[in-house]
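Pasting work14.cif here (mmCIF, C-alpha atoms and all ligand atoms):
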```cif
data_work
#
loop_
_atom_site.group_PDB
_atom_site.id
_atom_site.type_symbol
_atom_site.label_atom_id
_atom_site.label_comp_id
_atom_site.auth_asym_id
_atom_site.auth_seq_id
_atom_site.Cartn_x
_atom_site.Cartn_y
_atom_site.Cartn_z
ATOM 1 C CA MET U 1 118.111 69.436 170.785
ATOM 2 C CA ALA U 2 121.035 68.412 168.591
ATOM 3 C CA GLU U 3 122.747 65.237 169.652
ATOM 4 C CA THR U 4 126.258 65.570 171.079
ATOM 5 C CA ILE U 5 129.316 63.383 171.315
ATOM 6 C CA PHE U 6 128.136 62.365 174.793
ATOM 7 C CA SER U 7 125.133 60.537 173.291
ATOM 8 C CA GLN U 8 127.596 58.420 171.330
ATOM 9 C CA ILE U 9 129.463 57.643 174.558
ATOM 10 C CA ILE U 10 126.170 56.645 176.235
ATOM 11 C CA ARG U 11 125.423 54.285 173.322
ATOM 12 C CA ARG U 12 129.012 52.936 173.460
ATOM 13 C CA GLU U 13 129.621 54.082 169.884
ATOM 14 C CA LEU U 14 132.584 56.125 171.072
ATOM 15 C CA PRO U 15 135.155 54.818 173.560
ATOM 16 C CA ALA U 16 135.308 56.377 177.000
ATOM 17 C CA ASP U 17 136.841 55.459 180.334
ATOM 18 C CA ILE U 18 133.572 54.885 182.183
ATOM 19 C CA VAL U 19 133.944 54.934 185.972
ATOM 20 C CA TYR U 20 130.287 54.753 187.031
ATOM 21 C CA GLU U 21 126.878 54.052 185.547
ATOM 22 C CA ASP U 22 123.347 53.297 186.584
ATOM 23 C CA ASP U 23 119.949 53.521 184.904
ATOM 24 C CA GLU U 24 119.939 57.317 184.795
ATOM 25 C CA VAL U 25 123.519 58.534 185.061
ATOM 26 C CA ILE U 26 126.849 57.682 183.475
ATOM 27 C CA ALA U 27 130.312 59.034 184.340
ATOM 28 C CA PHE U 28 133.589 58.886 182.438
ATOM 29 C CA ARG U 29 137.036 60.471 182.599
ATOM 30 C CA ASP U 30 137.480 63.781 180.805
ATOM 31 C CA ILE U 31 139.605 63.401 177.679
ATOM 32 C CA ASN U 32 141.519 66.579 178.586
ATOM 33 C CA PRO U 33 141.871 66.368 182.375
ATOM 34 C CA GLN U 34 142.492 69.567 184.324
ATOM 35 C CA ALA U 35 143.562 67.702 187.459
ATOM 36 C CA PRO U 36 144.596 64.156 188.467
ATOM 37 C CA VAL U 37 140.904 63.319 188.834
ATOM 38 C CA HIS U 38 138.588 64.852 186.235
ATOM 39 C CA VAL U 39 135.367 62.952 185.654
ATOM 40 C CA LEU U 40 132.250 64.056 183.789
ATOM 41 C CA ILE U 41 128.916 62.931 185.224
ATOM 42 C CA ILE U 42 126.036 63.113 182.772
ATOM 43 C CA PRO U 43 122.370 62.133 182.679
ATOM 44 C CA ARG U 44 121.467 59.528 180.073
ATOM 45 C CA GLU U 45 118.570 61.824 179.210
ATOM 46 C CA GLU U 46 119.562 64.575 176.780
ATOM 47 C CA ILE U 47 119.365 67.970 178.476
ATOM 48 C CA ALA U 48 121.283 70.690 176.643
ATOM 49 C CA THR U 49 122.078 73.210 179.383
ATOM 50 C CA VAL U 50 121.249 74.080 182.981
ATOM 51 C CA ASN U 51 118.717 76.512 181.498
ATOM 52 C CA ASP U 52 116.764 73.531 180.159
ATOM 53 C CA ILE U 53 116.445 71.574 183.425
ATOM 54 C CA LYS U 54 112.789 71.133 184.409
ATOM 55 C CA PRO U 55 111.499 70.894 187.990
ATOM 56 C CA GLU U 56 110.601 67.235 187.449
ATOM 57 C CA GLN U 57 114.277 66.565 186.646
ATOM 58 C CA ALA U 58 115.445 67.817 190.055
ATOM 59 C CA GLU U 59 115.858 64.275 191.365
ATOM 60 C CA LEU U 60 117.944 63.338 188.337
ATOM 61 C CA ILE U 61 120.277 66.277 188.954
ATOM 62 C CA GLY U 62 120.522 65.220 192.592
ATOM 63 C CA LYS U 63 121.519 61.735 191.460
ATOM 64 C CA MET U 64 124.346 63.244 189.437
ATOM 65 C CA VAL U 65 125.654 64.880 192.628
ATOM 66 C CA LEU U 66 125.322 61.610 194.550
ATOM 67 C CA ALA U 67 127.215 59.815 191.771
ATOM 68 C CA ALA U 68 129.962 62.457 192.103
ATOM 69 C CA GLN U 69 130.083 61.817 195.857
ATOM 70 C CA LYS U 70 130.487 58.073 195.264
ATOM 71 C CA ILE U 71 133.166 58.506 192.586
ATOM 72 C CA ALA U 72 135.094 60.978 194.754
ATOM 73 C CA ALA U 73 135.169 58.389 197.544
ATOM 74 C CA GLU U 74 136.277 55.648 195.146
ATOM 75 C CA GLU U 75 138.996 57.883 193.697
ATOM 76 C CA GLY U 76 140.237 58.652 197.228
ATOM 77 C CA ILE U 77 139.711 62.409 197.010
ATOM 78 C CA ALA U 78 136.629 62.827 199.218
ATOM 79 C CA GLU U 79 138.446 63.846 202.382
ATOM 80 C CA ASP U 80 140.907 66.281 200.816
ATOM 81 C CA GLY U 81 138.079 67.701 198.735
ATOM 82 C CA PHE U 82 137.192 68.451 195.160
ATOM 83 C CA ARG U 83 135.176 70.781 192.962
ATOM 84 C CA LEU U 84 131.874 70.191 191.149
ATOM 85 C CA VAL U 85 131.195 72.485 188.191
ATOM 86 C CA ILE U 86 128.479 72.770 185.552
ATOM 87 C CA ASN U 87 129.275 75.224 182.777
ATOM 88 C CA CYS U 88 126.389 76.923 181.008
ATOM 89 C CA ASN U 89 126.433 78.566 177.581
ATOM 90 C CA ARG U 90 128.938 81.083 176.278
ATOM 91 C CA HIS U 91 129.978 82.960 179.397
ATOM 92 C CA GLY U 92 130.250 79.667 181.268
ATOM 93 C CA CYS U 93 132.485 78.263 178.483
ATOM 94 C CA GLN U 94 130.159 75.312 177.811
ATOM 95 C CA GLU U 95 131.460 73.303 174.847
ATOM 96 C CA VAL U 96 129.289 70.193 174.889
ATOM 97 C CA PHE U 97 125.558 70.841 174.977
ATOM 98 C CA HIS U 98 124.541 67.851 177.063
ATOM 99 C CA VAL U 99 124.455 68.822 180.752
ATOM 100 C CA HIS U 100 127.477 67.465 182.597
ATOM 101 C CA LEU U 101 128.913 67.827 186.053
ATOM 102 C CA HIS U 102 132.698 68.132 186.204
ATOM 103 C CA LEU U 103 134.246 66.368 189.219
ATOM 104 C CA ILE U 104 137.728 67.835 189.590
ATOM 105 C CA GLY U 105 140.245 66.999 192.295
ATOM 106 C CA GLY U 106 143.391 65.199 193.308
ATOM 107 C CA ARG U 107 145.405 68.404 193.744
ATOM 108 C CA GLN U 108 145.047 71.781 195.431
ATOM 109 C CA LEU U 109 142.746 73.872 193.230
ATOM 110 C CA ARG U 110 142.898 77.632 192.990
ATOM 111 C CA GLY U 111 140.148 79.815 194.398
ATOM 112 C CA LEU U 112 137.346 80.838 192.041
ATOM 113 C CA SER U 113 138.487 84.472 192.195
ATOM 114 C CA SER U 114 141.465 83.494 190.015
ATOM 115 C CA SER U 115 139.375 81.893 187.254
HETATM 116 P P1 LIG U 201 132.338 71.993 178.962
HETATM 117 O O1 LIG U 201 133.299 73.055 178.550
HETATM 118 O O2 LIG U 201 131.815 72.185 180.363
HETATM 119 O O3 LIG U 201 131.234 71.795 177.957
HETATM 120 O O4 LIG U 201 133.172 70.658 179.056
HETATM 121 C C1 LIG U 201 133.237 69.710 178.028
HETATM 122 C C2 LIG U 201 134.281 68.719 178.469
HETATM 123 O O5 LIG U 201 134.126 67.551 177.678
HETATM 124 C C3 LIG U 201 135.718 69.207 178.271
HETATM 125 O O6 LIG U 201 136.375 69.194 179.532
HETATM 126 C C4 LIG U 201 136.305 68.187 177.297
HETATM 127 O O7 LIG U 201 137.648 67.883 177.560
HETATM 128 C C5 LIG U 201 135.396 66.998 177.494
HETATM 129 N N1 LIG U 201 135.299 66.084 176.381
HETATM 130 C C6 LIG U 201 135.020 66.380 175.082
HETATM 131 N N2 LIG U 201 134.967 65.273 174.331
HETATM 132 C C7 LIG U 201 135.195 64.230 175.177
HETATM 133 C C8 LIG U 201 135.265 62.833 175.013
HETATM 134 N N3 LIG U 201 135.105 62.244 173.820
HETATM 135 N N4 LIG U 201 135.531 62.069 176.095
HETATM 136 C C9 LIG U 201 135.710 62.636 177.301
HETATM 137 N N5 LIG U 201 135.646 63.956 177.520
HETATM 138 C C10 LIG U 201 135.400 64.752 176.480
#
```
Mind turning this structure into structure tokens?
Amino acid sequence: MAETIFSQIIRRELPADIVYEDDEVIAFRDINPQAPVHVLIIPREEIATVNDIKPEQAELIGKMVLAAQKIAAEEGIAEDGFRLVINCNRHGCQEVFHVHLHLIGGRQLRGLSSS
């Protein structure tokens, strides 16, 4: 797969506001936030889209969700709630082809029927 801008963030070649990292996952604030809290959680491993996730990567994807849970608590939005989104390909409006989980919160979000 072609490398994306997120690989440069992982290698610290591009600045990012990193809020969490461990051996497998890294999370940083979205450069164009859609809400007071908008963090992208990505695997260090390059996976282009949800379509490319393999069964043996299920634990890794679970760790991304657990990282989101931890960040939401740290950001103080866990109780009020938040949204986790992974966009896939054209109809999903995916722009960066390195799987990423959007953690969005800090304000009342609209229902999905309005998106
Ligand atoms: P998606 O449309 O799901 O592929 O989302 C890509 C997200 O990456 C968008 O919300 C962008 O604002 C965000 N983004 C792109 N470049 C950067 C960057 N250098 N640092 C942080 N976020 C970025």
Distance filter 10 Å around ligand LIG 201 (chain U), atoms: all atoms listed in the file, out as a ChimeraX atom specification: /U:4-6,8-9,14-18,27-34,38-40,49,85-90,92-102
Selected residue of minimal separation from Gln108 in chain U among U:Arg83, U:His91, U:Lys54, U:Arg11, counting all atoms listed in the file: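 Of U:Arg83, U:His91, U:Lys54, U:Arg11, the one nearest Gln108 in chain U, counting all atoms listed in the file, is U:Arg83.
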The PyMOL selection byres (((chain U and resi 42) around 6) and not hetatm) applied to the shown file, residues as a ChimeraX atom specification: /U:25-26,41,43,100
Distance of CA of Leu112 in chain U from CA of Val50 in chain U, expressed in Å to one decimal place: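 Rounded to one decimal, the two atoms are 19.7 Å apart.
With distances restricted to only C-alpha atoms, U:Leu66 is the closest residue to Glu21 in chain U from U:Ala35, U:Ile53, U:Leu66, U:Ile47.
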Near-Ile71 in chain U list (9 Å; all atoms listed in the file; drop same-chain fewer than 2 positions) as a PyMOL selection string: chain U and resi 19-20+27+39+66-69+73-78+103
Point-to-point distance from CA of Glu45 in chain U to CA of Val65 in chain U, Å rounded to tenths: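 Calculated distance between CA of Glu45 in chain U and CA of Val65 in chain U is 15.5 Å.
The closest residue to Ala72 in chain U, picked from U:Ala48, U:Ile10, U:Val37, U:Ala58 and counting only C-alpha atoms, is U:Val37.
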Quick one: 8 Å padding each side, axis-aligned, all listed atoms of range 23-36 of chain U - centre and edge lengths in Å to one decimal, as JSON?
```
{"center_x": 132.3, "center_y": 61.5, "center_z": 183.1, "size_x": 40.7, "size_y": 32.0, "size_z": 26.8}
```
Between CA of Pro36 in chain U and CA of Lys70 in chain U - distance in Å to one decimal: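 We find that CA of Lys70 in chain U and CA of Pro36 in chain U lie 16.8 Å from each other.
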Nearest-residue call for Asp80 in chain U, choices U:Pro55, U:Gly111, U:Gly106, U:Gly62, using all atoms listed in the file: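 Under the stated criterion, the closest residue is U:Gly106.
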